[in-house]
>>> print(open('work28.txt').read())   # compact mmCIF, C-alpha atoms
# COMPACT_ATOMS: atom_id res chain seq x y z
CA MET A 1 37.00 7.88 -8.25
CA THR A 2 33.25 7.52 -8.54
CA THR A 3 31.44 5.42 -6.00
CA LEU A 4 28.25 3.68 -6.98
CA PRO A 5 25.23 4.12 -4.74
CA PRO A 6 24.30 1.18 -2.57
CA GLY A 7 21.85 -1.02 -4.38
CA LEU A 8 18.75 -2.80 -3.34
CA HIS A 9 18.76 -6.54 -2.86
CA LEU A 10 15.51 -8.51 -2.61
CA VAL A 11 15.01 -12.08 -1.46
CA THR A 12 11.56 -13.51 -2.10
CA ILE A 13 10.30 -16.42 -0.05
CA ASP A 14 6.89 -17.79 -0.91
CA THR A 15 4.46 -20.37 0.34
CA GLN A 16 1.07 -21.33 -1.01
CA ASP A 17 -0.78 -18.15 0.04
CA THR A 18 1.95 -15.89 1.47
CA VAL A 19 4.94 -14.07 0.01
CA ARG A 20 7.73 -12.53 2.05
CA ILE A 21 10.14 -10.11 0.41
CA GLU A 22 13.27 -9.35 2.42
CA ILE A 23 14.64 -5.92 1.52
CA THR A 24 18.32 -5.07 1.96
CA GLY A 25 19.74 -1.67 1.01
CA ASP A 26 18.32 1.71 0.17
CA LEU A 27 14.79 2.21 -1.08
CA ASP A 28 15.09 5.42 -3.04
CA TYR A 29 14.62 7.03 -6.44
CA GLN A 30 17.19 4.74 -8.08
CA THR A 31 15.91 1.45 -6.65
CA VAL A 32 12.13 1.62 -6.10
CA ASP A 33 11.30 0.10 -9.48
CA LEU A 34 13.01 -3.15 -8.46
CA LEU A 35 10.68 -3.58 -5.46
CA LEU A 36 7.58 -2.48 -7.36
CA ASP A 37 8.35 -4.89 -10.21
CA GLU A 38 8.82 -7.81 -7.79
CA VAL A 39 5.59 -7.07 -5.91
CA THR A 40 3.65 -6.63 -9.16
CA SER A 41 5.05 -9.89 -10.50
CA GLN A 42 4.04 -11.76 -7.34
CA LEU A 43 0.52 -10.29 -7.35
CA ASP A 44 0.02 -11.02 -11.05
CA SER A 45 1.26 -14.61 -10.85
CA ARG A 46 -0.65 -15.48 -7.64
CA PRO A 47 -4.25 -14.28 -7.82
CA GLY A 48 -5.20 -16.00 -4.53
CA LEU A 49 -2.36 -14.46 -2.51
CA LYS A 50 -3.60 -13.70 1.01
CA ASP A 51 -0.59 -11.94 2.60
CA LEU A 52 2.39 -9.98 1.33
CA HIS A 53 5.10 -9.38 3.93
CA LEU A 54 7.75 -6.74 3.25
CA HIS A 55 10.62 -7.35 5.66
CA PHE A 56 12.57 -4.13 6.43
CA ALA A 57 15.16 -5.24 9.04
CA GLU A 58 18.06 -4.56 6.65
CA ILE A 59 16.74 -1.41 4.96
CA GLY A 60 19.05 1.57 4.69
CA ILE A 61 17.75 4.92 3.53
CA ILE A 62 14.17 5.35 2.44
CA ASP A 63 13.23 8.60 0.68
CA SER A 64 10.01 10.10 -0.67
CA MET A 65 10.09 7.79 -3.70
CA GLY A 66 10.36 4.84 -1.32
CA LEU A 67 7.30 6.08 0.52
CA SER A 68 5.50 6.63 -2.77
CA VAL A 69 6.15 3.06 -3.87
CA LEU A 70 4.88 1.73 -0.53
CA LEU A 71 1.64 3.64 -1.08
CA MET A 72 1.42 2.25 -4.60
CA ILE A 73 2.04 -1.28 -3.33
CA HIS A 74 -0.69 -0.78 -0.73
CA ARG A 75 -3.17 0.22 -3.44
CA ARG A 76 -2.24 -2.79 -5.56
CA THR A 77 -2.45 -5.28 -2.71
CA ALA A 78 -5.80 -3.84 -1.59
CA ALA A 79 -7.15 -4.15 -5.14
CA ALA A 80 -5.95 -7.77 -5.25
CA GLY A 81 -7.50 -8.60 -1.87
CA THR A 82 -4.05 -9.22 -0.39
CA ARG A 83 -3.11 -7.97 3.08
CA LEU A 84 0.11 -5.94 3.19
CA HIS A 85 2.44 -6.34 6.19
CA LEU A 86 5.40 -4.04 6.87
CA ASP A 87 7.54 -6.24 9.11
CA ASP A 88 10.58 -5.37 11.26
CA ARG A 89 10.40 -1.64 10.53
CA PRO A 90 13.49 0.24 11.71
CA PRO A 91 13.13 3.61 13.50
CA ASN A 92 13.87 5.64 10.35
CA LEU A 93 10.99 3.99 8.46
CA ASN A 94 8.61 4.30 11.42
CA ARG A 95 9.51 7.99 11.72
CA LEU A 96 8.90 8.63 8.01
CA LEU A 97 5.53 6.86 8.16
CA ASP A 98 4.59 8.69 11.36
CA ILE A 99 5.57 12.17 10.10
CA THR A 100 3.70 11.69 6.83
CA GLY A 101 0.60 10.30 8.52
CA THR A 102 0.80 7.02 6.61
CA LEU A 103 1.76 4.64 9.43
CA GLU A 104 -1.80 3.67 10.38
CA TYR A 105 -2.96 3.71 6.75
CA LEU A 106 -0.29 1.25 5.64
CA THR A 107 -0.38 -0.99 8.71
CA ALA A 108 -4.07 -1.14 9.66
CA ALA A 109 -5.98 -4.35 9.12
CA PRO A 110 -8.40 -4.10 6.20
CA PRO A 111 -12.02 -3.56 7.24
CA THR A 112 -14.18 -6.66 7.09
CA GLY A 113 -17.38 -6.42 5.08
CA ALA A 114 -16.64 -2.85 3.93
CA ALA A 115 -18.49 -3.23 0.64
CA THR A 116 -21.55 -4.70 2.31
CA SER A 117 -21.80 -2.11 5.05
CA GLN A 118 -21.45 0.77 2.58
CA GLN A 119 -24.36 -0.51 0.49
CA HIS A 120 -26.64 -0.62 3.52
CA THR A 121 -25.84 2.91 4.65
CA GLU A 122 -26.66 4.58 1.35
CA GLN A 123 -30.17 5.96 1.08
CA ALA A 124 -32.47 4.60 -1.54
CA PRO A 125 -33.52 7.07 -4.24
CA PRO A 126 -36.87 8.74 -3.61
CA THR A 127 -39.86 7.08 -5.21
CA ALA A 128 -43.12 8.54 -6.49
CA GLY A 129 -45.22 9.99 -3.72
CA THR A 130 -42.24 10.74 -1.48
CA ALA A 131 -41.80 14.34 -0.41
CA GLN A 132 -38.48 15.98 -1.23
CA ALA A 133 -36.98 19.32 -0.27
CA ALA A 134 -36.73 21.85 -3.08
CA ARG A 135 -33.23 22.30 -4.47
CA PRO A 136 -31.83 25.35 -6.24
CA THR A 137 -31.76 24.89 -9.99
CA GLY A 138 -30.63 28.23 -11.37
CA PRO A 139 -27.12 29.68 -11.50
CA ASP A 140 -28.06 32.26 -8.86
CA SER A 141 -29.39 29.55 -6.47
CA THR A 142 -33.01 30.33 -7.21
CA THR A 143 -35.64 27.69 -7.78
>>> encode(input="work28.txt", output="C-alpha cells")
Amino acid sequence: MTTLPPGLHLVTIDTQDTVRIEITGDLDYQTVDLLLDEVTSQLDSRPGLKDLHLHFAEIGIIDSMGLSVLLMIHRRTAAAGTRLHLDDRPPNLNRLLDITGTLEYLTAAPPTGAATSQQHTEQAPPTAGTAQAARPTGPDSTT
C-alpha cells in the first residue's frame, strides 16, 4: 500500500491592507508551489498591500525548498513594498532559520528611508579642476 505524503493546506484571511495565510502541513519540495502561487496572487491583486502574515503554528516539516520559497517570498514582498511577517514559528522553523543565518534577514523590519540615505552617502563624480589620484590603466598595473 502506498501512502500519500501529507499535503499543504492554506487558509487566506484578508482585510483592506493585510493578508494572513495560515499554513497547515509540510512545506517541502512537493508543496512549495502552492504557497508561492497564493502569495504571488495576493501581491499581484493587491498593489497597496502593507503586511503579509504567514502563520506557521500548524506547519509540519520544512525542508530546503521551503526555506528557498520563504526567501523568494521575502524578495517579492520587499519589491512590492509589503512587510513580511513570519508568525507563530515553531521550534523546527526557528532552528532552520537560525542555522542558515536567515532568521534576522526574514524577520527584521525594513529600513526606513533606505533609498534616500543611500543617495546621500554616494560621492558626487569629480568635476573639472578637482584633483584625482592616478589609477592604473595598463594590464600590468602601470599608468
>>> atom_distance(input="work28.txt", atom1="atom CA of His9 of chain A", atom2="atom CA of Leu84 of chain A")
19.6 Å
>>> residues_around(input="work28.txt", residues="Ile21 of chain A", least_positions_apart="4", cutoff="6 Å", atoms="all atoms listed in the file", output="ChimeraX atom specification")
/A:11-12,54-55
>>> residues_near_point(input="work28.txt", point="(4.2, -6.0, 5.6)", cutoff="10 Å", atoms="all atoms listed in the file", output="JSON, numbers by chain")
{"A": [19, 20, 21, 51, 52, 53, 54, 55, 56, 70, 74, 83, 84, 85, 86, 87, 88, 89, 106, 107]}
>>> atom_distance(input="work28.txt", atom1="atom CA of Ile62 of chain A", atom2="atom CA of Thr82 of chain A")
23.5 Å
>>> atom_distance(input="work28.txt", atom1="atom CA of Glu22 of chain A", atom2="atom CA of Leu8 of chain A")
10.3 Å
>>> residues_around(input="work28.txt", residues="Gln42 of chain A", least_positions_apart="4", cutoff="12 Å", atoms="all atoms listed in the file", output="VMD selection string")
chain A and resid 12 to 21 35 to 38 46 to 53 73 76 to 77 80 82
>>> closest_residue(input="work28.txt", among="A:Leu103, A:Ala57, A:Met65, A:Ala108", to="Asp33 of chain A", atoms="only C-alpha atoms")
A:Met65
>>> closest_residue(input="work28.txt", among="A:Ile59, A:Ala78, A:Leu96, A:Met72", to="Asp26 of chain A", atoms="all atoms listed in the file")
A:Ile59
>>> closest_residue(input="work28.txt", among="A:Asn94, A:Leu10, A:Gly25, A:Thr100", to="Glu58 of chain A", atoms="all atoms listed in the file")
A:Gly25
>>> closest_residue(input="work28.txt", among="A:Ala79, A:Leu71, A:Tyr29, A:Ser64", to="Tyr105 of chain A", atoms="only C-alpha atoms")
A:Leu71
>>> axis_aligned_box(input="work28.txt", around="segment 18-26 of chain A", padding_each_side="5 Å", output="lines of an AutoDock Vina configuration file")
center_x = 10.8
center_y = -7.1
center_z = 1.2
size_x = 27.8
size_y = 27.6
size_z = 12.4
